[in-house]
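Text of model05.cif (mmCIF, C-alpha atoms (C1' of nucleotides)) as supplied:
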data_start
#
loop_
_atom_site.label_atom_id
_atom_site.label_comp_id
_atom_site.auth_asym_id
_atom_site.auth_seq_id
_atom_site.Cartn_x
_atom_site.Cartn_y
_atom_site.Cartn_z
CA MET A 1 19.61 43.95 -24.76
CA ARG A 2 20.02 43.06 -28.45
CA ARG A 3 21.07 45.73 -30.95
CA ASN A 4 20.19 44.54 -34.44
CA PRO A 5 18.48 47.69 -35.79
CA GLU A 6 16.45 46.11 -38.60
CA ARG A 7 15.05 43.56 -36.24
CA ARG A 8 14.25 46.24 -33.69
CA GLN A 9 12.41 48.26 -36.30
CA ALA A 10 10.52 45.22 -37.49
CA LEU A 11 9.46 44.58 -33.92
CA ILE A 12 8.29 48.16 -33.47
CA ASP A 13 6.31 48.04 -36.69
CA ALA A 14 4.77 44.79 -35.54
CA ALA A 15 3.92 46.50 -32.25
CA ILE A 16 2.00 49.16 -34.17
CA GLU A 17 -0.13 46.49 -35.79
CA VAL A 18 -0.70 44.82 -32.46
CA LEU A 19 -1.77 48.12 -30.92
CA ALA A 20 -4.32 48.69 -33.65
CA LYS A 21 -5.64 45.15 -33.53
CA GLU A 22 -5.57 44.35 -29.84
CA GLY A 23 -5.44 47.69 -28.08
CA ALA A 24 -2.91 49.05 -25.66
CA ARG A 25 -3.39 46.40 -23.05
CA GLY A 26 -2.92 43.72 -25.65
CA LEU A 27 0.52 45.01 -26.50
CA THR A 28 2.63 42.31 -24.88
CA PHE A 29 6.05 41.00 -25.76
CA ARG A 30 4.59 37.72 -26.83
CA ALA A 31 1.99 39.37 -29.08
CA VAL A 32 4.72 41.40 -30.75
CA ASP A 33 6.77 38.24 -31.26
CA ALA A 34 3.82 36.56 -32.89
CA GLU A 35 2.97 39.53 -35.12
CA ALA A 36 6.58 39.91 -36.22
CA ALA A 37 6.82 36.14 -36.76
CA VAL A 38 9.90 35.78 -34.61
CA PRO A 39 10.43 33.22 -31.87
CA PRO A 40 8.76 33.89 -28.53
CA GLY A 41 11.06 35.70 -26.17
CA THR A 42 12.62 37.89 -28.86
CA ALA A 43 10.87 41.11 -27.90
CA SER A 44 11.95 40.52 -24.32
CA ASN A 45 15.50 40.81 -25.56
CA TYR A 46 14.91 44.10 -27.36
CA PHE A 47 12.92 46.11 -24.88
CA ALA A 48 13.63 46.51 -21.20
CA ASN A 49 9.93 46.44 -20.28
CA ARG A 50 6.52 47.41 -21.60
CA ASP A 51 7.04 51.04 -20.78
CA ASP A 52 10.13 51.06 -22.91
CA LEU A 53 8.24 49.40 -25.73
CA PHE A 54 5.48 52.00 -25.59
CA THR A 55 7.93 54.85 -25.63
CA GLN A 56 9.82 53.49 -28.59
CA VAL A 57 6.63 52.95 -30.52
CA GLY A 58 5.57 56.50 -29.64
CA GLY A 59 8.81 57.75 -31.11
CA ARG A 60 8.36 55.82 -34.32
CA ILE A 61 4.66 55.96 -35.09
CA TYR A 62 4.71 59.59 -36.10
CA GLU A 63 7.40 59.05 -38.69
CA ARG A 64 5.22 56.54 -40.39
CA LEU A 65 2.17 58.79 -40.42
CA LEU A 66 3.88 61.82 -41.89
CA PRO A 67 4.05 62.23 -45.66
CA ASP A 68 7.33 61.33 -47.33
CA GLU A 69 9.59 63.82 -49.09
CA ALA A 70 8.10 63.20 -52.50
CA THR A 71 4.59 63.88 -51.27
CA ILE A 72 5.67 67.09 -49.56
CA ALA A 73 7.44 68.24 -52.72
CA ARG A 74 4.40 67.48 -54.80
CA SER A 75 2.22 69.49 -52.44
CA ARG A 76 4.14 72.63 -53.32
CA GLU A 77 3.39 72.38 -57.01
CA GLY A 78 0.66 74.22 -58.87
CA VAL A 79 -1.41 77.25 -57.98
CA GLN A 80 -1.72 77.56 -54.23
CA ASP A 81 -5.35 78.56 -53.87
CA GLU A 82 -8.34 77.37 -51.94
CA THR A 83 -9.20 74.62 -54.41
CA ARG A 84 -5.68 73.31 -54.25
CA TYR A 85 -5.83 73.43 -50.47
CA ALA A 86 -8.95 71.28 -50.48
CA GLU A 87 -7.27 68.85 -52.83
CA LEU A 88 -4.32 68.51 -50.47
CA MET A 89 -6.60 67.94 -47.52
CA HIS A 90 -8.45 65.18 -49.36
CA GLU A 91 -5.13 63.54 -50.02
CA LEU A 92 -4.20 63.89 -46.37
CA VAL A 93 -7.38 62.27 -45.16
CA ASP A 94 -7.00 59.45 -47.65
CA ARG A 95 -3.36 58.89 -46.83
CA VAL A 96 -3.99 58.70 -43.11
CA SER A 97 -7.09 56.59 -43.50
CA ALA A 98 -5.12 54.22 -45.69
CA PHE A 99 -2.58 53.61 -42.95
CA ASN A 100 -5.49 52.60 -40.85
CA SER A 101 -3.63 50.68 -38.21
CA GLY A 102 -1.10 53.46 -37.74
CA TYR A 103 -3.77 55.96 -36.90
CA LEU A 104 -5.61 53.60 -34.60
CA ALA A 105 -2.32 52.79 -32.90
CA LEU A 106 -1.69 56.48 -32.34
CA LEU A 107 -5.09 56.81 -30.71
CA GLU A 108 -4.32 53.88 -28.46
CA LEU A 109 -1.04 55.52 -27.56
CA ARG A 110 -2.78 58.78 -26.73
CA LEU A 111 -5.09 57.01 -24.34
CA GLU A 112 -2.26 55.02 -22.87
CA SER A 113 -0.29 58.20 -22.38
CA THR A 114 -2.76 59.27 -19.70
CA ARG A 115 -1.14 56.51 -17.66
CA ARG A 116 2.49 56.78 -18.82
CA PRO A 117 4.22 60.13 -18.31
CA GLU A 118 7.21 59.17 -20.40
CA LEU A 119 5.03 58.27 -23.35
CA ARG A 120 3.05 61.46 -22.90
CA ALA A 121 6.22 63.51 -23.09
CA VAL A 122 7.27 61.83 -26.33
CA LEU A 123 3.87 62.27 -27.95
CA THR A 124 3.49 65.86 -26.82
CA LYS A 125 6.83 66.74 -28.34
CA ARG A 126 6.11 65.03 -31.65
CA ILE A 127 2.67 66.49 -32.04
CA ARG A 128 3.72 70.01 -31.12
CA GLU A 129 6.45 69.75 -33.74
CA ASP A 130 3.98 68.53 -36.31
CA ILE A 131 1.51 71.31 -35.69
CA ASP A 132 4.26 73.91 -35.78
CA ALA A 133 5.65 72.40 -38.98
CA ASN A 134 2.20 72.52 -40.56
CA VAL A 135 1.73 76.14 -39.60
CA GLY A 136 5.19 77.00 -40.88
CA HIS A 137 4.78 75.11 -44.08
CA HIS A 138 1.45 76.76 -44.66
CA ALA A 139 2.86 80.24 -44.09
CA ALA A 140 5.60 79.60 -46.63
CA SER A 141 3.32 78.04 -49.21
CA GLY A 142 1.22 80.96 -50.28
CA LEU A 143 -1.96 79.05 -49.53
CA PRO A 144 -4.77 81.24 -48.26
CA GLY A 145 -5.68 81.40 -44.57
CA ASP A 146 -3.83 82.13 -41.34
CA SER A 147 -2.36 79.94 -38.61
CA THR A 148 -5.75 79.59 -36.93
CA SER A 149 -7.08 78.11 -40.16
CA VAL A 150 -4.40 75.46 -40.05
CA VAL A 151 -5.16 74.50 -36.47
CA LEU A 152 -8.91 74.46 -37.02
CA LEU A 153 -8.42 72.19 -40.00
CA TYR A 154 -6.16 70.00 -37.93
CA LEU A 155 -8.91 69.66 -35.33
CA ALA A 156 -11.78 68.97 -37.69
CA LEU A 157 -9.93 66.56 -39.94
CA ASN A 158 -8.53 64.58 -37.05
CA TRP A 159 -11.95 63.90 -35.67
CA LEU A 160 -13.29 63.17 -39.12
CA ILE A 161 -10.66 60.46 -39.43
CA VAL A 162 -11.49 59.10 -36.00
CA GLU A 163 -15.12 58.94 -36.98
CA ARG A 164 -14.34 57.20 -40.20
CA LEU A 165 -12.04 54.65 -38.66
CA THR A 166 -13.98 53.81 -35.52
CA LEU A 167 -17.61 54.19 -36.61
CA PRO A 168 -17.61 54.17 -40.40
CA ASP A 169 -21.39 54.22 -40.67
CA ILE A 170 -21.80 57.65 -39.11
CA PHE A 171 -20.87 59.55 -42.25
CA THR A 172 -21.06 58.30 -45.82
CA GLU A 173 -18.06 58.63 -48.14
CA GLN A 174 -19.96 61.41 -49.84
CA GLU A 175 -20.52 63.27 -46.58
CA VAL A 176 -16.88 62.89 -45.59
CA HIS A 177 -15.88 64.41 -48.89
CA GLU A 178 -18.24 67.33 -48.50
CA LEU A 179 -17.14 67.90 -44.93
CA VAL A 180 -13.51 68.14 -45.95
CA ASP A 181 -14.46 70.73 -48.54
CA ALA A 182 -16.58 72.67 -46.09
CA ALA A 183 -13.89 72.51 -43.41
CA VAL A 184 -11.34 73.98 -45.79
CA ARG A 185 -13.65 76.67 -47.08
CA ARG A 186 -14.88 77.84 -43.71
CA SER A 187 -11.59 77.55 -41.85
CA LEU A 188 -10.08 79.98 -44.31
CA ASN A 189 -12.72 82.63 -43.68
CA ALA A 190 -11.12 84.78 -41.04
CA MET B 1 -28.46 36.83 -13.86
CA ARG B 2 -29.26 39.27 -11.05
CA ARG B 3 -31.83 42.01 -11.54
CA ASN B 4 -31.33 44.70 -8.91
CA PRO B 5 -31.38 47.80 -11.13
CA GLU B 6 -29.57 50.21 -8.79
CA ARG B 7 -26.78 47.75 -8.33
CA ARG B 8 -26.55 47.16 -12.05
CA GLN B 9 -26.32 50.87 -12.68
CA ALA B 10 -23.69 51.28 -9.99
CA LEU B 11 -21.68 48.54 -11.66
CA ILE B 12 -21.97 50.18 -15.06
CA ASP B 13 -20.90 53.52 -13.67
CA ALA B 14 -17.97 51.82 -12.00
CA ALA B 15 -17.15 50.23 -15.35
CA ILE B 16 -16.94 53.71 -16.90
CA GLU B 17 -14.35 54.72 -14.34
CA VAL B 18 -12.41 51.53 -14.91
CA LEU B 19 -12.42 52.12 -18.65
CA ALA B 20 -11.02 55.61 -18.21
CA LYS B 21 -8.42 54.52 -15.70
CA GLU B 22 -7.30 51.16 -17.02
CA GLY B 23 -8.33 51.11 -20.65
CA ALA B 24 -10.55 48.68 -22.49
CA ARG B 25 -8.46 45.64 -21.85
CA GLY B 26 -8.43 46.46 -18.16
CA LEU B 27 -12.20 46.31 -18.00
CA THR B 28 -12.64 42.99 -16.22
CA PHE B 29 -15.37 41.77 -13.94
CA ARG B 30 -12.99 41.82 -11.02
CA ALA B 31 -11.87 45.38 -11.72
CA VAL B 32 -15.50 46.49 -11.84
CA ASP B 33 -16.17 44.72 -8.57
CA ALA B 34 -13.26 46.50 -6.96
CA GLU B 35 -14.21 49.92 -8.34
CA ALA B 36 -17.82 49.53 -7.24
CA ALA B 37 -16.66 48.23 -3.86
CA VAL B 38 -18.78 45.11 -4.05
CA PRO B 39 -17.62 41.58 -3.35
CA PRO B 40 -15.65 39.84 -6.08
CA GLY B 41 -17.87 37.81 -8.36
CA THR B 42 -20.72 40.31 -8.30
CA ALA B 43 -20.20 41.62 -11.81
CA SER B 44 -20.10 38.06 -13.04
CA ASN B 45 -23.65 37.75 -11.81
CA TYR B 46 -24.84 40.85 -13.60
CA PHE B 47 -23.30 40.48 -17.03
CA ALA B 48 -23.24 37.39 -19.17
CA ASN B 49 -19.70 38.08 -20.42
CA ARG B 50 -17.36 40.93 -21.24
CA ASP B 51 -19.08 41.62 -24.52
CA ASP B 52 -22.34 42.12 -22.69
CA LEU B 53 -20.63 44.45 -20.24
CA PHE B 54 -19.19 46.56 -23.06
CA THR B 55 -22.51 46.80 -24.78
CA GLN B 56 -24.35 47.88 -21.66
CA VAL B 57 -21.71 50.49 -20.90
CA GLY B 58 -22.01 51.72 -24.48
CA GLY B 59 -25.73 52.15 -23.96
CA ARG B 60 -25.28 54.12 -20.78
CA ILE B 61 -22.22 56.27 -21.33
CA TYR B 62 -23.96 58.61 -23.71
CA GLU B 63 -26.72 59.40 -21.26
CA ARG B 64 -24.15 60.59 -18.82
CA LEU B 65 -22.36 62.79 -21.32
CA LEU B 66 -25.44 64.59 -22.60
CA PRO B 67 -26.61 67.75 -20.86
CA ASP B 68 -29.54 67.44 -18.47
CA GLU B 69 -32.94 68.99 -19.05
CA ALA B 70 -32.17 72.13 -17.06
CA THR B 71 -29.04 72.81 -19.08
CA ILE B 72 -30.90 72.34 -22.35
CA ALA B 73 -33.66 74.66 -21.21
CA ARG B 74 -31.12 77.26 -20.17
CA SER B 75 -29.45 77.06 -23.55
CA ARG B 76 -32.61 78.32 -25.21
CA GLU B 77 -32.73 81.52 -23.19
CA GLY B 78 -31.48 84.91 -24.33
CA VAL B 79 -30.64 86.29 -27.73
CA GLN B 80 -29.60 83.52 -30.06
CA ASP B 81 -26.72 85.10 -31.90
CA GLU B 82 -23.14 84.20 -32.65
CA THR B 83 -21.84 85.41 -29.27
CA ARG B 84 -24.41 83.32 -27.52
CA TYR B 85 -23.44 80.34 -29.65
CA ALA B 86 -19.81 80.72 -28.63
CA GLU B 87 -20.88 80.91 -25.00
CA LEU B 88 -22.81 77.68 -25.32
CA MET B 89 -19.87 75.94 -26.97
CA HIS B 90 -17.56 77.02 -24.16
CA GLU B 91 -20.01 75.54 -21.70
CA LEU B 92 -20.12 72.35 -23.73
CA VAL B 93 -16.36 71.94 -23.78
CA ASP B 94 -16.15 72.63 -20.06
CA ARG B 95 -18.95 70.26 -19.23
CA VAL B 96 -17.48 67.40 -21.21
CA SER B 97 -13.97 68.07 -19.99
CA ALA B 98 -15.27 68.05 -16.44
CA PHE B 99 -16.65 64.56 -16.84
CA ASN B 100 -13.19 63.57 -17.80
CA SER B 101 -13.47 59.86 -17.22
CA GLY B 102 -16.71 59.67 -19.16
CA TYR B 103 -15.15 61.10 -22.25
CA LEU B 104 -12.05 58.97 -22.00
CA ALA B 105 -14.25 55.93 -21.50
CA LEU B 106 -16.16 56.80 -24.66
CA LEU B 107 -12.90 56.97 -26.59
CA GLU B 108 -11.91 53.59 -25.24
CA LEU B 109 -15.26 52.24 -26.30
CA ARG B 110 -14.83 53.66 -29.79
CA LEU B 111 -11.53 51.88 -30.18
CA GLU B 112 -12.90 48.70 -28.69
CA SER B 113 -15.81 48.87 -31.10
CA THR B 114 -13.44 48.12 -33.97
CA ARG B 115 -13.30 44.64 -32.44
CA ARG B 116 -16.90 44.26 -31.21
CA PRO B 117 -19.66 44.57 -33.80
CA GLU B 118 -22.41 44.68 -31.22
CA LEU B 119 -20.79 47.56 -29.41
CA ARG B 120 -20.21 49.33 -32.70
CA ALA B 121 -23.89 49.08 -33.52
CA VAL B 122 -24.88 50.59 -30.19
CA LEU B 123 -22.42 53.45 -30.45
CA THR B 124 -23.26 54.20 -34.05
CA LYS B 125 -26.92 54.48 -33.19
CA ARG B 126 -26.33 56.73 -30.18
CA ILE B 127 -23.97 59.04 -31.94
CA ARG B 128 -26.11 59.36 -35.05
CA GLU B 129 -29.02 60.29 -32.82
CA ASP B 130 -26.92 62.84 -31.01
CA ILE B 131 -25.71 64.51 -34.18
CA ASP B 132 -29.21 64.58 -35.60
CA ALA B 133 -30.56 66.00 -32.36
CA ASN B 134 -27.92 68.71 -32.40
CA VAL B 135 -28.74 69.64 -35.95
CA GLY B 136 -32.46 69.66 -35.18
CA HIS B 137 -32.07 71.64 -32.03
CA HIS B 138 -29.91 74.13 -33.81
CA ALA B 139 -32.41 74.58 -36.61
CA ALA B 140 -35.18 75.28 -34.10
CA SER B 141 -33.12 77.63 -31.98
CA GLY B 142 -32.68 80.58 -34.27
CA LEU B 143 -28.93 80.42 -33.84
CA PRO B 144 -27.01 81.44 -36.96
CA GLY B 145 -25.44 78.86 -39.27
CA ASP B 146 -26.63 75.80 -41.16
CA SER B 147 -26.43 72.08 -40.52
CA THR B 148 -22.90 71.92 -41.90
CA SER B 149 -21.85 74.46 -39.27
CA VAL B 150 -23.15 72.18 -36.57
CA VAL B 151 -21.27 69.17 -37.87
CA LEU B 152 -18.04 71.08 -38.40
CA LEU B 153 -18.25 72.36 -34.86
CA TYR B 154 -18.89 68.85 -33.66
CA LEU B 155 -15.73 67.70 -35.40
CA ALA B 156 -13.45 70.47 -34.23
CA LEU B 157 -14.64 70.54 -30.65
CA ASN B 158 -14.42 66.79 -30.27
CA TRP B 159 -10.80 66.75 -31.24
CA LEU B 160 -10.11 69.79 -29.10
CA ILE B 161 -11.44 67.84 -26.14
CA VAL B 162 -9.35 64.80 -27.07
CA GLU B 163 -6.30 66.98 -27.23
CA ARG B 164 -7.03 68.56 -23.92
CA LEU B 165 -7.69 65.29 -22.14
CA THR B 166 -4.91 63.17 -23.59
CA LEU B 167 -2.10 65.68 -24.16
CA PRO B 168 -2.97 68.74 -22.11
CA ASP B 169 0.31 70.50 -22.86
CA ILE B 170 -0.34 70.85 -26.58
CA PHE B 171 -2.66 73.84 -26.23
CA THR B 172 -2.81 76.28 -23.34
CA GLU B 173 -6.14 77.11 -21.69
CA GLN B 174 -5.95 80.43 -23.46
CA GLU B 175 -5.45 78.79 -26.85
CA VAL B 176 -8.29 76.38 -26.23
CA HIS B 177 -10.55 79.30 -25.46
CA GLU B 178 -9.56 81.15 -28.59
CA LEU B 179 -9.92 78.05 -30.73
CA VAL B 180 -13.47 77.53 -29.54
CA ASP B 181 -14.27 81.12 -30.48
CA ALA B 182 -12.61 80.78 -33.85
CA ALA B 183 -14.31 77.47 -34.54
CA VAL B 184 -17.72 78.99 -33.88
CA ARG B 185 -17.03 82.10 -35.91
CA ARG B 186 -15.64 80.34 -38.94
CA SER B 187 -18.03 77.39 -38.95
CA LEU B 188 -20.90 79.81 -39.26
CA ASN B 189 -19.48 81.46 -42.39
CA ALA B 190 -21.19 79.58 -45.16
"C1'" DA C 1 -46.74 35.86 14.79
"C1'" DA C 2 -44.39 31.95 12.72
"C1'" DC C 3 -43.14 29.89 8.43
"C1'" DG C 4 -41.65 29.26 3.75
"C1'" DT C 5 -39.82 30.87 -0.38
"C1'" DA C 6 -37.54 33.58 -3.81
"C1'" DG C 7 -34.16 36.51 -4.97
"C1'" DT C 8 -29.99 38.35 -3.99
"C1'" DA C 9 -25.50 39.13 -1.53
"C1'" DC C 10 -21.39 37.24 -0.14
"C1'" DT C 11 -17.49 33.90 0.01
"C1'" DA C 12 -14.46 30.60 -1.55
"C1'" DC C 13 -12.50 27.76 -4.77
"C1'" DA C 14 -11.05 25.19 -8.97
"C1'" DT C 15 -9.64 26.00 -13.37
"C1'" DT C 16 -7.84 28.29 -17.20
"C1'" DT C 17 -5.16 31.49 -19.37
"C1'" DG C 18 -1.34 33.89 -20.72
"C1'" DG C 19 2.70 36.35 -20.14
"C1'" DA C 20 7.45 37.33 -18.08
"C1'" DG C 21 11.91 36.20 -17.83
"C1'" DT C 22 15.91 33.39 -18.15
"C1'" DG C 23 19.27 29.99 -19.24
"C1'" DG C 24 21.05 26.88 -22.53
"C1'" DT C 25 22.31 25.69 -27.18
"C1'" DG C 26 23.12 26.52 -31.95
"C1'" DT C 27 24.99 29.50 -35.64
"C1'" DC C 28 27.51 32.83 -38.09
"C1'" DA C 29 31.00 36.11 -38.92
"C1'" DA C 30 35.00 38.74 -37.64
"C1'" DT D 1 38.27 31.13 -31.29
"C1'" DT D 2 35.29 34.30 -29.57
"C1'" DG D 3 31.37 37.20 -29.18
"C1'" DA D 4 26.87 38.57 -30.49
"C1'" DC D 5 22.72 37.17 -31.60
"C1'" DA D 6 18.81 33.79 -32.89
"C1'" DC D 7 16.20 30.26 -31.33
"C1'" DC D 8 13.95 27.21 -28.05
"C1'" DA D 9 12.29 25.37 -23.75
"C1'" DC D 10 10.99 25.62 -19.30
"C1'" DT D 11 9.53 27.62 -14.82
"C1'" DC D 12 7.28 30.95 -12.26
"C1'" DC D 13 3.80 34.12 -11.48
"C1'" DA D 14 -0.36 36.88 -11.78
"C1'" DA D 15 -4.86 37.43 -12.89
"C1'" DA D 16 -9.40 36.43 -14.37
"C1'" DT D 17 -13.35 33.45 -14.99
"C1'" DG D 18 -17.26 31.08 -13.63
"C1'" DT D 19 -19.66 28.59 -10.33
"C1'" DA D 20 -21.01 26.20 -6.17
"C1'" DG D 21 -22.33 26.82 -1.66
"C1'" DT D 22 -23.91 29.57 2.17
"C1'" DA D 23 -26.12 33.50 4.39
"C1'" DC D 24 -29.25 37.16 4.43
"C1'" DT D 25 -33.55 39.81 3.67
"C1'" DA D 26 -38.08 40.79 2.31
"C1'" DC D 27 -42.34 39.45 1.40
"C1'" DG D 28 -46.43 36.69 1.04
"C1'" DT D 29 -49.09 32.96 3.30
"C1'" DT D 30 -51.44 30.70 6.77
#
Here is the file; what I need is its structure written in the form of structure tokens.
Amino acid sequence: MRRNPERRQALIDAAIEVLAKEGARGLTFRAVDAEAAVPPGTASNYFANRDDLFTQVGGRIYERLLPDEATIARSREGVQDETRYAELMHELVDRVSAFNSGYLALLELRLESTRRPELRAVLTKRIREDIDANVGHHAASGLPGDSTSVVLLYLALNWLIVERLTLPDIFTEQEVHELVDAAVRRSLNA
Amino acid sequence: MRRNPERRQALIDAAIEVLAKEGARGLTFRAVDAEAAVPPGTASNYFANRDDLFTQVGGRIYERLLPDEATIARSREGVQDETRYAELMHELVDRVSAFNSGYLALLELRLESTRRPELRAVLTKRIREDIDANVGHHAASGLPGDSTSVVLLYLALNWLIVERLTLPDIFTEQEVHELVDAAVRRSLNA
DNA sequence: AACGTAGTACTACATTTGGAGTGGTGTCAA
DNA sequence: TTGACACCACTCCAAATGTAGTACTACGTT
């Protein structure tokens, strides 16, 4: 088992792209090698088996989807009212949609996790933490709404992103925009 | 190309199970043969190629997820108020969750459709029709809320089902129940 | 009632594909 | 000089495809 951490990370990031492009079943050592532009056989040296590869990707993917420090800091600026909330949610949807392959890869992982208990455990942990962090962050921010608002928004926006990424012709850009606004407005109404 | 319609349907239904169990990449002629308990090579005779198989499954899956006539008729009975609406949404979530493999298969198809234009066209058409039908049905029912309510509910409940099917430990049964109630209540608040 | 035919089911096989894993060699740096 | 890693090549294995050939069944014809 090789230990070079940069190379390992590069392989995992390549695996994310492969997942998005080829699907879970297409995530093979050889495909990762090709995507990362390293010689065939390399991924074999870095991951014990496919299960291991999936689990490591599951551990990493979430880091890449979350906003960075600067973005989080920026989100705390300005008046924290409903309009601001909507603005933040638009940014969120755009940011996630922009890292297209990351989100698709996460969906692939979710489906794959129905067959891989270890992966499921990793994802469950990460996602629970994320939801809790969102609720906590919201509570501390002074933004309107309660914890149920946060979760309802989480639900609606997630599917909106799925819809946009998998079947982009269902909703127009305009409709997506209006739906984000409506989701914010109505979620906040306790 | 064989024509026996019952056999074809049995193969497609088997394909749905395979999709849910093995994922999109695992949907092979041989796997369908095995799942349908027919001799190997049979599926080859019924579908021109994998693309054809995907497309035909995409055409059928939605029929199996939609409520039957009796259920629709029943949904129109009684007072059509917010409480009733919530009741119907609980039934919806339970019904879809119960046909577990169907919903997972649809998710697999969505992801696969990013790679198969023909499949994407079929799914887009079906899902547009479904959303429009829901909006129309809602308008005629006398239930409270506007068309945006219907779509927001569609978004939130879809992801709630995804969450429940792929990572069942994220929300408890109790939380799922409360989220459905909250989603109905808040979506209706224009 | 016997026959012929068409469509389908079943079986077997030849071929292709692609991936896993490993061992050997080269290279670089401590 | 030694150890860790990159690179490359080769073998083995598993699985799927598509089709050719045979058997069965139902139905229409005479």
- Message: Counting all atoms listed in the file, which residues have an atom no more than 12 Å from (-6.7, 75.6, -53.3) in the file's coordinates? Please list them as a PyMOL selection string.
- Response: chain A and resi 75-90+138+141-145+181+184-185+188
Up to 10 Å from chain A, what residues of chain B turn up? Count all atoms listed in the file and give them as a PDB file with C-alpha atoms, in the frame of the given file.
ATOM      1  CA  ALA B  20     -11.020  55.610 -18.210  1.00  0.00           C
ATOM      2  CA  LYS B  21      -8.420  54.520 -15.700  1.00  0.00           C
ATOM      3  CA  GLU B  22      -7.300  51.160 -17.020  1.00  0.00           C
ATOM      4  CA  GLY B  23      -8.330  51.110 -20.650  1.00  0.00           C
ATOM      5  CA  ALA B  24     -10.550  48.680 -22.490  1.00  0.00           C
ATOM      6  CA  ARG B  25      -8.460  45.640 -21.850  1.00  0.00           C
ATOM      7  CA  GLY B  26      -8.430  46.460 -18.160  1.00  0.00           C
ATOM      8  CA  LEU B 104     -12.050  58.970 -22.000  1.00  0.00           C
ATOM      9  CA  ALA B 105     -14.250  55.930 -21.500  1.00  0.00           C
ATOM     10  CA  LEU B 107     -12.900  56.970 -26.590  1.00  0.00           C
ATOM     11  CA  GLU B 108     -11.910  53.590 -25.240  1.00  0.00           C
ATOM     12  CA  LEU B 109     -15.260  52.240 -26.300  1.00  0.00           C
ATOM     13  CA  ARG B 110     -14.830  53.660 -29.790  1.00  0.00           C
ATOM     14  CA  LEU B 111     -11.530  51.880 -30.180  1.00  0.00           C
ATOM     15  CA  GLU B 112     -12.900  48.700 -28.690  1.00  0.00           C
ATOM     16  CA  SER B 113     -15.810  48.870 -31.100  1.00  0.00           C
ATOM     17  CA  THR B 114     -13.440  48.120 -33.970  1.00  0.00           C
ATOM     18  CA  ARG B 115     -13.300  44.640 -32.440  1.00  0.00           C
ATOM     19  CA  ARG B 120     -20.210  49.330 -32.700  1.00  0.00           C
ATOM     20  CA  ALA B 121     -23.890  49.080 -33.520  1.00  0.00           C
ATOM     21  CA  LEU B 123     -22.420  53.450 -30.450  1.00  0.00           C
ATOM     22  CA  THR B 124     -23.260  54.200 -34.050  1.00  0.00           C
ATOM     23  CA  LYS B 125     -26.920  54.480 -33.190  1.00  0.00           C
ATOM     24  CA  ILE B 127     -23.970  59.040 -31.940  1.00  0.00           C
ATOM     25  CA  ARG B 128     -26.110  59.360 -35.050  1.00  0.00           C
ATOM     26  CA  GLU B 129     -29.020  60.290 -32.820  1.00  0.00           C
ATOM     27  CA  ILE B 131     -25.710  64.510 -34.180  1.00  0.00           C
ATOM     28  CA  THR B 148     -22.900  71.920 -41.900  1.00  0.00           C
ATOM     29  CA  SER B 149     -21.850  74.460 -39.270  1.00  0.00           C
ATOM     30  CA  VAL B 151     -21.270  69.170 -37.870  1.00  0.00           C
ATOM     31  CA  LEU B 152     -18.040  71.080 -38.400  1.00  0.00           C
ATOM     32  CA  LEU B 153     -18.250  72.360 -34.860  1.00  0.00           C
ATOM     33  CA  TYR B 154     -18.890  68.850 -33.660  1.00  0.00           C
ATOM     34  CA  LEU B 155     -15.730  67.700 -35.400  1.00  0.00           C
ATOM     35  CA  ALA B 156     -13.450  70.470 -34.230  1.00  0.00           C
ATOM     36  CA  LEU B 157     -14.640  70.540 -30.650  1.00  0.00           C
ATOM     37  CA  ASN B 158     -14.420  66.790 -30.270  1.00  0.00           C
ATOM     38  CA  TRP B 159     -10.800  66.750 -31.240  1.00  0.00           C
ATOM     39  CA  LEU B 160     -10.110  69.790 -29.100  1.00  0.00           C
ATOM     40  CA  ILE B 161     -11.440  67.840 -26.140  1.00  0.00           C
ATOM     41  CA  VAL B 162      -9.350  64.800 -27.070  1.00  0.00           C
ATOM     42  CA  GLU B 163      -6.300  66.980 -27.230  1.00  0.00           C
ATOM     43  CA  LEU B 165      -7.690  65.290 -22.140  1.00  0.00           C
ATOM     44  CA  THR B 166      -4.910  63.170 -23.590  1.00  0.00           C
ATOM     45  CA  LEU B 167      -2.100  65.680 -24.160  1.00  0.00           C
ATOM     46  CA  PRO B 168      -2.970  68.740 -22.110  1.00  0.00           C
ATOM     47  CA  ASP B 169       0.310  70.500 -22.860  1.00  0.00           C
ATOM     48  CA  ILE B 170      -0.340  70.850 -26.580  1.00  0.00           C
ATOM     49  CA  PHE B 171      -2.660  73.840 -26.230  1.00  0.00           C
ATOM     50  CA  GLU B 178      -9.560  81.150 -28.590  1.00  0.00           C
ATOM     51  CA  LEU B 179      -9.920  78.050 -30.730  1.00  0.00           C
ATOM     52  CA  VAL B 180     -13.470  77.530 -29.540  1.00  0.00           C
ATOM     53  CA  ALA B 182     -12.610  80.780 -33.850  1.00  0.00           C
ATOM     54  CA  ALA B 183     -14.310  77.470 -34.540  1.00  0.00           C
ATOM     55  CA  ARG B 185     -17.030  82.100 -35.910  1.00  0.00           C
ATOM     56  CA  ARG B 186     -15.640  80.340 -38.940  1.00  0.00           C
ATOM     57  CA  SER B 187     -18.030  77.390 -38.950  1.00  0.00           C
ATOM     58  CA  LEU B 188     -20.900  79.810 -39.260  1.00  0.00           C
ATOM     59  CA  ASN B 189     -19.480  81.460 -42.390  1.00  0.00           C
ATOM     60  CA  ALA B 190     -21.190  79.580 -45.160  1.00  0.00           C
TER      61      ALA B 190
END
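Closest to chain C among A:Glu175, A:Glu6, A:Asp146, A:Asp33 is A:Asp33, based on only C-alpha atoms (C1' of nucleotides).
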